[in-house]
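Q: Got entry.txt for you, compact mmCIF, C-alpha atoms:
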# COMPACT_ATOMS: atom_id res chain seq x y z
CA MET A 1101 108.15 120.96 65.21
CA PRO A 1102 106.05 117.79 65.59
CA SER A 1103 103.01 118.02 67.77
CA PRO A 1104 103.38 116.24 71.13
CA LYS A 1105 102.34 112.61 71.02
CA PRO A 1106 99.41 111.68 73.22
CA ASN A 1107 100.28 109.33 76.02
CA LEU A 1108 98.83 106.01 74.91
CA GLU A 1109 100.23 104.05 77.81
CA THR A 1110 97.51 102.48 79.94
CA ARG A 1111 97.27 104.41 83.14
CA ALA A 1112 95.80 103.33 86.44
CA SER A 1113 93.11 105.96 85.96
CA ASP A 1114 91.66 103.93 83.11
CA ASP A 1115 91.03 100.89 85.23
CA TRP A 1116 91.48 101.41 88.96
CA PRO A 1117 88.97 98.68 89.89
CA SER A 1118 91.22 96.11 88.20
CA GLU A 1119 94.14 97.51 90.15
CA LEU A 1120 92.19 97.12 93.41
CA TYR A 1121 91.38 93.53 92.47
CA ARG A 1122 95.06 92.82 91.74
CA ILE A 1123 96.10 94.33 95.10
CA LEU A 1124 93.49 92.38 97.09
CA LYS A 1125 94.38 89.12 95.34
CA ALA A 1126 98.07 89.75 96.03
CA ALA A 1127 97.11 90.29 99.68
CA GLU A 1128 95.49 86.81 99.65
CA VAL A 1129 91.96 88.01 100.35
CA ARG A 1130 89.65 84.97 100.36
CA GLN A 1131 86.29 86.49 101.32
CA MET A 1132 84.58 89.63 100.00
CA SER A 1133 81.27 91.05 101.21
CA TYR A 1134 79.37 94.03 99.90
CA VAL A 1135 76.31 96.16 99.71
CA PRO A 1136 76.32 97.25 96.06
CA ASP A 1137 77.49 100.62 94.87
CA ALA A 1138 77.83 101.74 91.25
CA GLY A 1139 81.41 102.76 91.94
CA HIS A 1140 82.25 99.24 93.09
CA SER A 1141 80.32 97.43 90.35
CA GLN A 1142 83.35 96.30 88.34
CA LEU A 1143 85.21 95.07 91.43
CA ILE A 1144 82.08 93.18 92.56
CA ARG A 1145 81.86 91.52 89.12
CA MET A 1146 85.52 90.50 89.22
CA PHE A 1147 85.25 88.94 92.69
CA SER A 1148 81.95 87.25 91.86
CA ALA A 1149 83.66 85.51 88.93
CA ASP A 1150 86.59 84.40 91.10
CA ARG A 1151 86.12 80.86 92.39
CA ASP A 1152 88.89 81.27 94.95
CA VAL A 1153 87.03 84.04 96.76
CA ILE A 1154 83.72 83.59 98.60
CA THR A 1155 81.44 86.54 97.97
CA ASN A 1156 78.57 87.55 100.29
CA VAL A 1157 75.90 90.05 99.35
CA LEU A 1158 74.66 91.75 102.54
CA THR A 1159 71.35 93.23 103.59
CA THR A 1160 73.16 95.89 105.64
CA GLU A 1161 76.81 96.83 105.80
CA GLU A 1162 77.41 95.95 109.47
CA GLU A 1163 76.99 92.28 108.58
CA GLY A 1164 80.27 92.48 106.70
CA ILE A 1165 82.13 93.63 109.84
CA ALA A 1166 81.01 90.45 111.62
CA ILE A 1167 81.79 88.21 108.63
CA ALA A 1168 85.30 89.68 108.41
CA ALA A 1169 85.91 88.89 112.10
CA GLY A 1170 84.65 85.33 111.64
CA ALA A 1171 86.80 84.86 108.54
CA TRP A 1172 89.87 85.93 110.48
CA LEU A 1173 89.02 83.60 113.38
CA GLY A 1174 89.05 80.86 110.75
CA GLY A 1175 92.32 82.00 109.21
CA GLN A 1176 91.12 83.95 106.17
CA ARG A 1177 91.36 87.56 105.06
CA SER A 1178 88.19 89.40 104.12
CA VAL A 1179 87.47 92.75 102.46
CA LEU A 1180 84.26 94.78 102.72
CA LEU A 1181 82.90 97.08 100.00
CA MET A 1182 80.27 99.77 100.60
CA GLN A 1183 79.32 103.34 99.82
CA SER A 1184 79.53 106.14 102.37
CA SER A 1185 75.85 105.93 103.31
CA GLY A 1186 76.56 102.43 104.65
CA VAL A 1187 79.22 103.57 107.09
CA GLY A 1188 76.56 104.83 109.47
CA ASN A 1189 75.04 101.36 109.63
CA CYS A 1190 78.31 99.88 110.88
CA ILE A 1191 79.22 101.91 113.92
CA ASN A 1192 78.29 99.66 116.86
CA MET A 1193 79.43 96.51 115.05
CA LEU A 1194 82.86 98.13 114.66
CA SER A 1195 83.24 97.62 118.43
CA LEU A 1196 83.97 94.01 117.48
CA SER A 1197 86.91 94.94 115.24
CA ALA A 1198 88.20 97.44 117.80
CA MET A 1199 87.91 95.19 120.86
CA GLY A 1200 89.27 92.09 119.13
CA ARG A 1201 91.90 93.98 117.14
CA PHE A 1202 90.59 92.13 114.09
CA PRO A 1203 92.22 93.02 110.76
CA LEU A 1204 89.65 95.02 108.82
CA LEU A 1205 89.79 96.60 105.38
CA ILE A 1206 86.77 98.55 104.13
CA LEU A 1207 86.76 100.24 100.72
CA VAL A 1208 84.21 103.06 100.80
CA THR A 1209 83.05 104.85 97.66
CA MET A 1210 82.07 108.38 98.59
CA ARG A 1211 78.72 109.91 97.68
CA GLY A 1212 77.36 113.31 98.53
CA GLU A 1213 80.57 115.29 98.19
CA TRP A 1214 81.21 116.02 94.49
CA ALA A 1215 78.68 116.79 91.76
CA GLU A 1216 76.00 114.96 93.75
CA PHE A 1217 72.43 115.07 92.45
CA ASN A 1218 70.80 113.42 95.49
CA PRO A 1219 70.93 115.68 98.57
CA TRP A 1220 70.02 112.75 100.85
CA GLN A 1221 73.56 111.49 100.36
CA VAL A 1222 75.09 114.63 101.85
CA PRO A 1223 74.58 114.26 105.64
CA MET A 1224 76.13 110.79 105.89
CA SER A 1225 78.87 111.85 103.50
CA ARG A 1226 79.79 114.60 105.94
CA ALA A 1227 79.65 112.17 108.89
CA THR A 1228 81.61 109.34 107.26
CA GLN A 1229 85.18 110.18 108.25
CA PRO A 1230 84.43 111.62 111.73
CA SER A 1231 82.24 108.68 112.73
CA LEU A 1232 84.77 106.09 111.53
CA GLU A 1233 87.53 107.87 113.43
CA ALA A 1234 85.34 108.21 116.52
CA ILE A 1235 84.93 104.41 116.73
CA GLY A 1236 88.67 103.92 116.26
CA LEU A 1237 89.31 103.23 112.58
CA LYS A 1238 92.19 104.69 110.65
CA VAL A 1239 90.82 106.55 107.63
CA MET A 1240 92.84 106.91 104.43
CA ARG A 1241 91.58 108.92 101.45
CA ALA A 1242 92.36 108.85 97.74
CA GLU A 1243 91.31 111.43 95.16
CA THR A 1244 93.18 110.12 92.11
CA ALA A 1245 93.56 106.64 90.66
CA GLU A 1246 97.32 106.65 91.15
CA ASP A 1247 96.91 107.64 94.78
CA LEU A 1248 94.18 105.03 95.29
CA VAL A 1249 96.42 102.19 94.11
CA GLU A 1250 99.22 103.22 96.44
CA THR A 1251 96.80 103.84 99.33
CA ALA A 1252 95.02 100.50 98.90
CA GLU A 1253 98.33 98.62 98.93
CA ALA A 1254 99.41 100.37 102.11
CA ALA A 1255 95.99 99.86 103.70
CA ALA A 1256 95.95 96.13 102.93
CA SER A 1257 99.37 95.76 104.51
CA LEU A 1258 98.35 97.73 107.61
CA ALA A 1259 95.15 95.76 108.02
CA TYR A 1260 96.30 92.20 107.40
CA GLU A 1261 99.89 92.38 108.62
CA SER A 1262 99.53 94.83 111.49
CA ASP A 1263 96.01 93.89 112.68
CA GLN A 1264 94.67 97.40 112.06
CA GLN A 1265 91.15 98.53 111.19
CA ILE A 1266 91.28 100.63 108.04
CA ALA A 1267 88.73 102.41 105.87
CA VAL A 1268 89.88 103.68 102.47
CA LEU A 1269 87.61 106.47 101.24
CA ILE A 1270 87.47 106.69 97.45
CA GLY A 1271 86.61 110.27 96.52
CA GLN A 1272 83.48 110.82 94.47
CA ARG A 1273 85.51 113.00 92.11
CA LEU A 1274 87.40 109.86 91.10
CA ILE A 1275 84.29 107.74 90.62
CA GLY A 1276 82.68 110.24 88.29
CA LYS A 1277 79.29 111.84 88.11
CA LYS A 1278 76.30 109.54 88.27
CA GLN A 1279 74.11 109.87 85.18
CA TRP A 1280 70.44 110.61 85.98
CA MET B 1478 50.94 83.42 122.21
CA SER B 1479 52.45 80.12 123.26
CA VAL B 1480 52.64 78.42 126.66
CA PRO B 1481 55.91 79.47 128.38
CA SER B 1482 58.57 76.77 128.28
CA GLN B 1483 59.78 75.25 131.56
CA LEU B 1484 63.11 74.10 130.12
CA ASP B 1485 66.20 75.20 132.06
CA ARG B 1486 68.59 77.02 129.70
CA ARG B 1487 71.79 75.74 131.32
CA ALA B 1488 70.57 72.13 131.16
CA ALA B 1489 69.54 72.66 127.54
CA VAL B 1490 72.88 74.12 126.43
CA ALA B 1491 74.81 71.46 128.36
CA ALA B 1492 72.81 68.71 126.62
CA LEU B 1493 73.16 70.40 123.23
CA LEU B 1494 76.97 70.65 123.42
CA LYS B 1495 77.74 67.54 125.48
CA ASP B 1496 79.19 65.64 122.52
CA ARG B 1497 80.21 68.64 120.40
CA LYS B 1498 83.62 67.11 119.58
CA ASN B 1499 85.48 69.61 117.38
CA THR B 1500 82.51 71.93 116.74
CA LEU B 1501 83.47 75.61 116.84
CA VAL B 1502 81.05 77.75 118.85
CA VAL B 1503 80.42 81.50 118.74
CA SER B 1504 78.13 82.84 121.48
CA GLY B 1505 75.94 85.95 121.35
CA LEU B 1506 76.17 88.59 124.04
CA GLY B 1507 74.33 88.16 127.32
CA SER B 1508 73.03 84.87 128.60
CA PRO B 1509 74.19 82.64 125.69
CA THR B 1510 77.79 83.70 126.42
CA TYR B 1511 77.31 82.76 130.10
CA ASP B 1512 75.57 79.51 129.10
CA LEU B 1513 78.45 78.52 126.82
CA HIS B 1514 81.07 79.36 129.45
CA ALA B 1515 79.11 77.35 132.03
CA THR B 1516 79.56 74.21 129.89
CA GLY B 1517 83.33 74.62 130.33
CA ASP B 1518 85.82 77.18 129.05
CA ARG B 1519 87.41 75.95 125.81
CA ASP B 1520 89.80 77.37 123.23
CA ASP B 1521 87.28 76.69 120.45
CA ASN B 1522 84.68 79.02 122.03
CA PHE B 1523 84.43 82.63 120.87
CA TYR B 1524 82.42 84.66 123.37
CA LEU B 1525 80.76 87.96 122.46
CA TRP B 1526 80.15 90.72 125.00
CA GLY B 1527 78.83 93.15 122.39
CA ALA B 1528 78.40 93.41 118.59
CA MET B 1529 74.68 92.66 119.04
CA GLY B 1530 73.24 91.01 115.93
CA GLY B 1531 76.63 89.72 114.82
CA ALA B 1532 76.93 86.22 116.30
CA ALA B 1533 75.45 84.29 113.36
CA LEU B 1534 77.44 86.36 110.84
CA ILE B 1535 80.72 85.77 112.68
CA GLY B 1536 79.64 82.15 112.40
CA LEU B 1537 79.20 82.62 108.64
CA GLY B 1538 82.68 84.07 108.09
CA LEU B 1539 84.15 81.32 110.24
CA ALA B 1540 82.18 78.55 108.51
CA GLN B 1541 83.31 79.83 105.10
CA ALA B 1542 86.94 79.88 106.23
CA GLN B 1543 86.72 76.42 107.86
CA PRO B 1544 84.47 74.36 105.55
CA GLY B 1545 85.67 71.11 107.11
CA LYS B 1546 84.47 71.99 110.60
CA ARG B 1547 80.98 72.44 112.02
CA VAL B 1548 80.20 75.88 113.40
CA VAL B 1549 77.41 76.69 115.85
CA ALA B 1550 76.29 80.24 116.52
CA LEU B 1551 74.66 79.99 119.95
CA THR B 1552 72.61 83.08 120.57
CA GLY B 1553 69.49 84.53 122.14
CA ASP B 1554 66.20 85.72 120.70
CA GLY B 1555 67.04 89.40 121.26
CA GLU B 1556 70.47 89.08 119.66
CA GLN B 1557 69.12 87.26 116.62
CA LEU B 1558 66.21 89.68 116.24
CA MET B 1559 68.76 92.49 115.86
CA GLY B 1560 70.37 90.50 113.04
CA LEU B 1561 67.26 89.46 111.10
CA GLY B 1562 68.81 90.59 107.82
CA GLY B 1563 71.72 88.27 108.49
CA ILE B 1564 69.36 85.31 108.19
CA ALA B 1565 68.74 86.38 104.57
CA THR B 1566 72.48 86.80 103.97
CA ILE B 1567 73.23 83.34 105.43
CA GLY B 1568 70.35 81.83 103.42
CA VAL B 1569 71.91 83.16 100.23
CA ALA B 1570 75.47 82.17 101.22
CA ARG B 1571 74.19 78.67 102.01
CA PRO B 1572 77.04 77.30 104.13
CA ARG B 1573 76.60 73.59 104.82
CA ASN B 1574 78.49 73.69 108.11
CA LEU B 1575 76.72 76.48 110.01
CA ASP B 1576 73.92 76.06 112.52
CA ILE B 1577 72.23 78.90 114.37
CA VAL B 1578 70.81 77.82 117.72
CA VAL B 1579 68.62 80.40 119.43
CA ILE B 1580 68.15 80.00 123.17
CA ASP B 1581 64.75 81.65 123.22
CA ASN B 1582 63.34 82.84 126.55
CA GLN B 1583 61.11 85.33 124.70
CA HIS B 1584 62.60 88.15 126.74
CA PHE B 1585 65.52 90.57 126.87
CA GLY B 1586 66.97 88.92 129.96
CA GLU B 1587 70.05 91.10 130.39
CA THR B 1588 68.17 94.38 130.62
CA GLY B 1589 65.29 93.64 132.96
CA MET B 1590 63.37 90.80 131.30
CA GLN B 1591 61.31 92.91 128.92
CA ALA B 1592 59.17 90.80 126.57
CA SER B 1593 60.67 90.30 123.10
CA HIS B 1594 59.03 89.71 119.72
CA THR B 1595 59.34 85.92 119.82
CA GLY B 1596 56.70 85.64 122.56
CA ARG B 1597 54.36 87.78 120.50
CA GLY B 1598 54.08 85.72 117.36
CA VAL B 1599 57.41 86.32 115.58
CA ASP B 1600 58.78 82.92 114.54
CA LEU B 1601 62.50 82.85 113.74
CA THR B 1602 62.25 79.36 112.23
CA ALA B 1603 59.60 80.56 109.76
CA ILE B 1604 61.86 83.45 108.78
CA ALA B 1605 64.79 81.06 108.28
CA THR B 1606 62.62 78.72 106.21
CA ALA B 1607 61.54 81.64 104.04
CA CYS B 1608 65.23 82.53 103.60
CA GLY B 1609 66.05 79.08 102.23
CA PHE B 1610 67.55 77.37 105.28
CA ALA B 1611 67.97 73.60 104.86
CA ALA B 1612 66.29 72.72 108.16
CA THR B 1613 64.60 74.41 111.10
CA ALA B 1614 62.85 73.25 114.26
CA THR B 1615 61.55 74.51 117.59
CA VAL B 1616 62.12 72.33 120.66
CA ARG B 1617 60.81 72.64 124.20
CA THR B 1618 62.00 69.62 126.21
CA LEU B 1619 65.34 68.15 127.24
CA GLU B 1620 64.61 64.98 125.26
CA GLU B 1621 64.06 67.06 122.13
CA VAL B 1622 67.33 68.93 122.79
CA GLN B 1623 69.16 65.60 123.05
CA ARG B 1624 67.74 64.56 119.66
CA LEU B 1625 68.72 67.97 118.29
CA ALA B 1626 72.29 67.44 119.53
CA ALA B 1627 72.44 64.23 117.49
CA GLN B 1628 71.00 66.05 114.47
CA LEU B 1629 73.70 68.74 114.74
CA ALA B 1630 76.33 66.06 114.20
CA GLU B 1631 74.70 64.98 110.92
CA PRO B 1632 75.71 66.55 107.59
CA ALA B 1633 73.39 69.23 106.23
CA ASP B 1634 72.58 70.56 102.76
CA GLY B 1635 72.68 74.14 103.95
CA PRO B 1636 72.42 76.34 107.02
CA ARG B 1637 70.03 75.29 109.78
CA LEU B 1638 68.30 77.31 112.49
CA PHE B 1639 66.95 75.77 115.66
CA VAL B 1640 65.01 77.49 118.42
CA ILE B 1641 65.18 76.09 121.95
CA LYS B 1642 62.37 77.58 124.03
CA VAL B 1643 63.53 78.01 127.63
CA ARG B 1644 62.22 79.41 130.90
CA ALA B 1645 62.65 83.16 131.32
CA GLU B 1646 65.11 83.47 134.19
CA ASN B 1647 68.69 84.55 134.74
CA PRO B 1648 70.80 81.80 136.30
CA PRO B 1649 73.97 82.89 138.17
CA ARG B 1650 76.33 84.39 135.60
CA SER B 1651 79.27 82.33 134.39
CA LEU B 1652 81.70 84.90 133.09
CA PRO B 1653 84.38 84.28 130.46
CA SER B 1654 87.18 86.73 129.76
CA ARG B 1655 86.06 90.05 128.30
CA ASP B 1656 89.42 90.47 126.56
CA ALA B 1657 88.49 89.82 122.94
CA VAL B 1658 92.11 89.89 121.73
CA PHE B 1659 92.96 87.11 124.19
CA ILE B 1660 89.91 85.05 123.20
CA LYS B 1661 90.66 85.62 119.49
CA ASN B 1662 94.29 84.55 119.78
CA GLN B 1663 93.34 81.50 121.84
CA PHE B 1664 90.71 80.51 119.25
CA ARG B 1665 93.10 80.99 116.31
CA ALA B 1666 95.89 79.12 118.06
CA HIS B 1667 93.47 76.21 118.49
CA LEU B 1668 93.07 76.17 114.69
CA GLY B 1669 96.84 76.38 114.19
CA PHE B 1670 97.24 80.08 113.43
CA ALA B 1671 99.97 82.09 115.10
CA ALA B 1672 99.26 85.36 116.88
CA ALA B 1673 100.53 88.41 115.01
Kindly return the structure encoded in the file as structure tokens.

A:
Amino acid sequence: MPSPKPNLETRASDDWPSELYRILKAAEVRQMSYVPDAGHSQLIRMFSADRDVITNVLTTEEEGIAIAAGAWLGGQRSVLLMQSSGVGNCINMLSLSAMGRFPLLILVTMRGEWAEFNPWQVPMSRATQPSLEAIGLKVMRAETAEDLVETAEAAASLAYESDQQIAVLIGQRLIGKKQW
Amino acid sequence: MSVPSQLDRRAAVAALLKDRKNTLVVSGLGSPTYDLHATGDRDDNFYLWGAMGGAALIGLGLAQAQPGKRVVALTGDGEQLMGLGGIATIGVARPRNLDIVVIDNQHFGETGMQASHTGRGVDLTAIATACGFAATATVRTLEEVQRLAAQLAEPADGPRLFVIKVRAENPPRSLPSRDAVFIKNQFRAHLGFAAA
């Protein structure tokens, strides 16, 4: 009996950042802002090389909430990338998205929850989902690449077509262990 | 410490925006929102009642989405001080159609007129210059504001930040709608976008 053939088909798990880029481009996102995170580094590179998307590097994550509202006032869709530690910086500024019912899509890479070396990441990790929900965002979570692709597509549709404020939390288990 | 300005904020904002034409204006919470409304309620005004520190950055997102239109973020010293990092972000983004105008009474007027940093040596124009802004200035008289209004209509190589020093007082409030969804939809309709 022949041994089972390995599955050589490219799976989403090999390249989920490219899948996120494809989804956001299909959703006609024209502005992207970010505070860097290792988990987002490939997506940041892809957007930075894209002349059809304006990219803003931020000094603190809440700036991206305001930029996204301004972009929408001017007729453009914006996406915001950050890690979970940055969510705490955003809370009061999220009043803007809530009060104005501005479409908002935040992709949050989680730290402090899975094979984390730096204990300082843990408290904000624990507070990420409750604090986002307390200020009125809908939180969606993905733990596998396949789930992330499906979740991001649904989140983009909810945000940009239904004027909702959505955070997609990307589990640290999916991002992989940071090498120290 | 500088000599307190005697300029009336309502007269200054009225002179600044008198010939604004199709300039889009975002106002920071507190007095700048009342000042903007006092010049006349318009569909191309976006008034903030919160989101402190966000006015200039809403201006950035808007300016990037509407490169053919001039955008003014009209805000106060306290509001801009909360968004100091945003000056760095805007300096790097380098929009050529965004101006930040700070109506600077050197106080937190909405909360009891406590002294702010700008009366104690902190210079927002110096910060903007250090962040690569294309032009900055501080003005103190109505004549200077009138010249500034003409300068706002001129093309720029990058973002500009202007400080208008005004007298520390709270004129009677001129209150726009606090319904941000209504204001948003009105603003977007002005630019030709349908409500969802």

Q: Within 10 Å of Tyr1260 (chain A), counting all atoms listed in the file, which residues show up once you throw out same-chain ones fewer than 5 positions away? Write them as an MDAnalysis selection string, please.

A: (chainID A and resid 1127:1129 1172 1176:1178 1202:1205 1255 1265:1266) or (chainID B and resid 1673)

Q: Just write the chosen residues, C-alpha atoms, as a compact mmCIF listing (two decimals), in the coordinates of the input.

A:
# COMPACT_ATOMS: atom_id res chain seq x y z
CA ALA A 1127 97.11 90.29 99.68
CA GLU A 1128 95.49 86.81 99.65
CA VAL A 1129 91.96 88.01 100.35
CA TRP A 1172 89.87 85.93 110.48
CA GLN A 1176 91.12 83.95 106.17
CA ARG A 1177 91.36 87.56 105.06
CA SER A 1178 88.19 89.40 104.12
CA PHE A 1202 90.59 92.13 114.09
CA PRO A 1203 92.22 93.02 110.76
CA LEU A 1204 89.65 95.02 108.82
CA LEU A 1205 89.79 96.60 105.38
CA ALA A 1255 95.99 99.86 103.70
CA GLN A 1265 91.15 98.53 111.19
CA ILE A 1266 91.28 100.63 108.04
CA ALA B 1673 100.53 88.41 115.01

Q: Out of B:Val1622, B:Leu1534, B:Ile1604, B:Ile1577, which residue has the shortest atom-to-atom distance to chain A when counting only C-alpha atoms?

A: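 Among B:Val1622, B:Leu1534, B:Ile1604, B:Ile1577, it is B:Leu1534 that comes nearest to chain A.
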
Q: Select all residues from chain A having any atom no more than 6 Å from an atom of chain B (counting only C-alpha atoms, ignoring ligands), output as a list in words.

A: Leu1158, Thr1159, Ala1166, Ile1167, Gly1170, Ala1171, Leu1173, Gly1174, Gln1176, Met1193, Leu1196, Met1199 and Gly1200 of chain A

Q: Separation of CA of Ile1235 (chain A) and CA of Gly1139 (chain A), in Å?

A: 25.1 Å

Q: What separation in Å, quoted to one decimal, exists between CA of Thr1552 (chain B) and CA of Val1490 (chain B)?

A: 10.7 Å

Q: Considering all atoms listed in the file, return as a PyMOL selection string whatever protein or nucleic-acid residues lie within 12 Å of Leu1652 (chain B), sequence-local ones (same chain, fewer than 2 positions apart) excluded.

A: chain B and resi 1506-1518+1524-1526+1648-1650+1654-1656

Q: Could you list, as number ranges by chain, every residue within 10 Å of Thr1606 (chain B), counting all atoms listed in the file and ignoring same-chain residues fewer than 3 positions away?

A: B: 1564-1565, 1568, 1601-1603, 1609-1614, 1637-1638

Q: Rounded to one decimal, what separation in Å do you get between CA of Val1239 (chain A) and CA of Trp1220 (chain A)?

A: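 Value for the CA of Val1239 (chain A)-CA of Trp1220 (chain A) distance: 22.7 Å.
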
Q: List as an MDAnalysis selection string: which residues have an atom within 10 Å of (58.6, 82.7, 117.0), counting only C-alpha atoms?

A: chainID B and resid 1478:1479 1554 1581 1583 1593:1604 1615 1640 1642

Q: Deliver the residues from the most recent selection as a file, using C-alpha atoms, as a JSON list (two decimals), keeping the file's coordinate frame.

A:
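Result file follows (out-v7.json):
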[["chain", "number", "residue", "atom", "x", "y", "z"],
["B", 1478, "MET", "CA", 50.94, 83.42, 122.21],
["B", 1479, "SER", "CA", 52.45, 80.12, 123.26],
["B", 1554, "ASP", "CA", 66.20, 85.72, 120.70],
["B", 1581, "ASP", "CA", 64.75, 81.65, 123.22],
["B", 1583, "GLN", "CA", 61.11, 85.33, 124.70],
["B", 1593, "SER", "CA", 60.67, 90.30, 123.10],
["B", 1594, "HIS", "CA", 59.03, 89.71, 119.72],
["B", 1595, "THR", "CA", 59.34, 85.92, 119.82],
["B", 1596, "GLY", "CA", 56.70, 85.64, 122.56],
["B", 1597, "ARG", "CA", 54.36, 87.78, 120.50],
["B", 1598, "GLY", "CA", 54.08, 85.72, 117.36],
["B", 1599, "VAL", "CA", 57.41, 86.32, 115.58],
["B", 1600, "ASP", "CA", 58.78, 82.92, 114.54],
["B", 1601, "LEU", "CA", 62.50, 82.85, 113.74],
["B", 1602, "THR", "CA", 62.25, 79.36, 112.23],
["B", 1603, "ALA", "CA", 59.60, 80.56, 109.76],
["B", 1604, "ILE", "CA", 61.86, 83.45, 108.78],
["B", 1615, "THR", "CA", 61.55, 74.51, 117.59],
["B", 1640, "VAL", "CA", 65.01, 77.49, 118.42],
["B", 1642, "LYS", "CA", 62.37, 77.58, 124.03]]

Q: B:Arg1573, B:Asp1485, B:Val1480, B:Arg1519: which is nearest Ala1645 (chain B), counting only C-alpha atoms?

A: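 For Ala1645 (chain B), the nearest of the candidates is B:Asp1485.
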
Q: Which of these, B:Ala1491, B:Ala1550, B:Ser1482, B:Asp1576, has the shortest distance to Ser1504 (chain B) once you count all atoms listed in the file?

A: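 Closest to Ser1504 (chain B), using all atoms listed in the file: B:Ala1550.
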
Q: With all atoms listed in the file as the basis for distance, which of A:Asp1263, A:Glu1243, A:Glu1162, A:Glu1253 is at the shortest distance from Cys1190 (chain A)?

A: A:Glu1162

Q: Can you work out which one of B:Arg1486, B:Arg1624, B:Arg1547, B:His1667 has the shortest atom-to-atom distance to Asn1574 (chain B), counting all atoms listed in the file?

A: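 Of all the options, B:Arg1547 lies closest to Asn1574 (chain B).
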
Q: Counting only C-alpha atoms, which residue out of B:Ala1672, B:Leu1558, B:Met1590, B:Leu1575 sits closest to Asp1634 (chain B)?

A: B:Leu1575

Q: Skipping near chain neighbours, those fewer than 2 positions away, what residues fall within 9 Å of Ile1154 (chain A) using all atoms listed in the file, listed as a list of chain:residue names?

A: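 Contacts, with the query itself left out: A:Arg1130, A:Gln1131, A:Met1132, A:Ser1133, A:Phe1147, A:Ser1148, A:Asp1150, A:Arg1151, A:Asp1152, A:Asn1156, B:Gln1541, B:Ala1570.
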
Q: Export, as a JSON list (two decimals), in the frame of the given file, the selected residues with C-alpha atoms.

A:
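Result written to selection-v3.json:
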[["chain", "number", "residue", "atom", "x", "y", "z"],
["A", 1130, "ARG", "CA", 89.65, 84.97, 100.36],
["A", 1131, "GLN", "CA", 86.29, 86.49, 101.32],
["A", 1132, "MET", "CA", 84.58, 89.63, 100.00],
["A", 1133, "SER", "CA", 81.27, 91.05, 101.21],
["A", 1147, "PHE", "CA", 85.25, 88.94, 92.69],
["A", 1148, "SER", "CA", 81.95, 87.25, 91.86],
["A", 1150, "ASP", "CA", 86.59, 84.40, 91.10],
["A", 1151, "ARG", "CA", 86.12, 80.86, 92.39],
["A", 1152, "ASP", "CA", 88.89, 81.27, 94.95],
["A", 1156, "ASN", "CA", 78.57, 87.55, 100.29],
["B", 1541, "GLN", "CA", 83.31, 79.83, 105.10],
["B", 1570, "ALA", "CA", 75.47, 82.17, 101.22]]
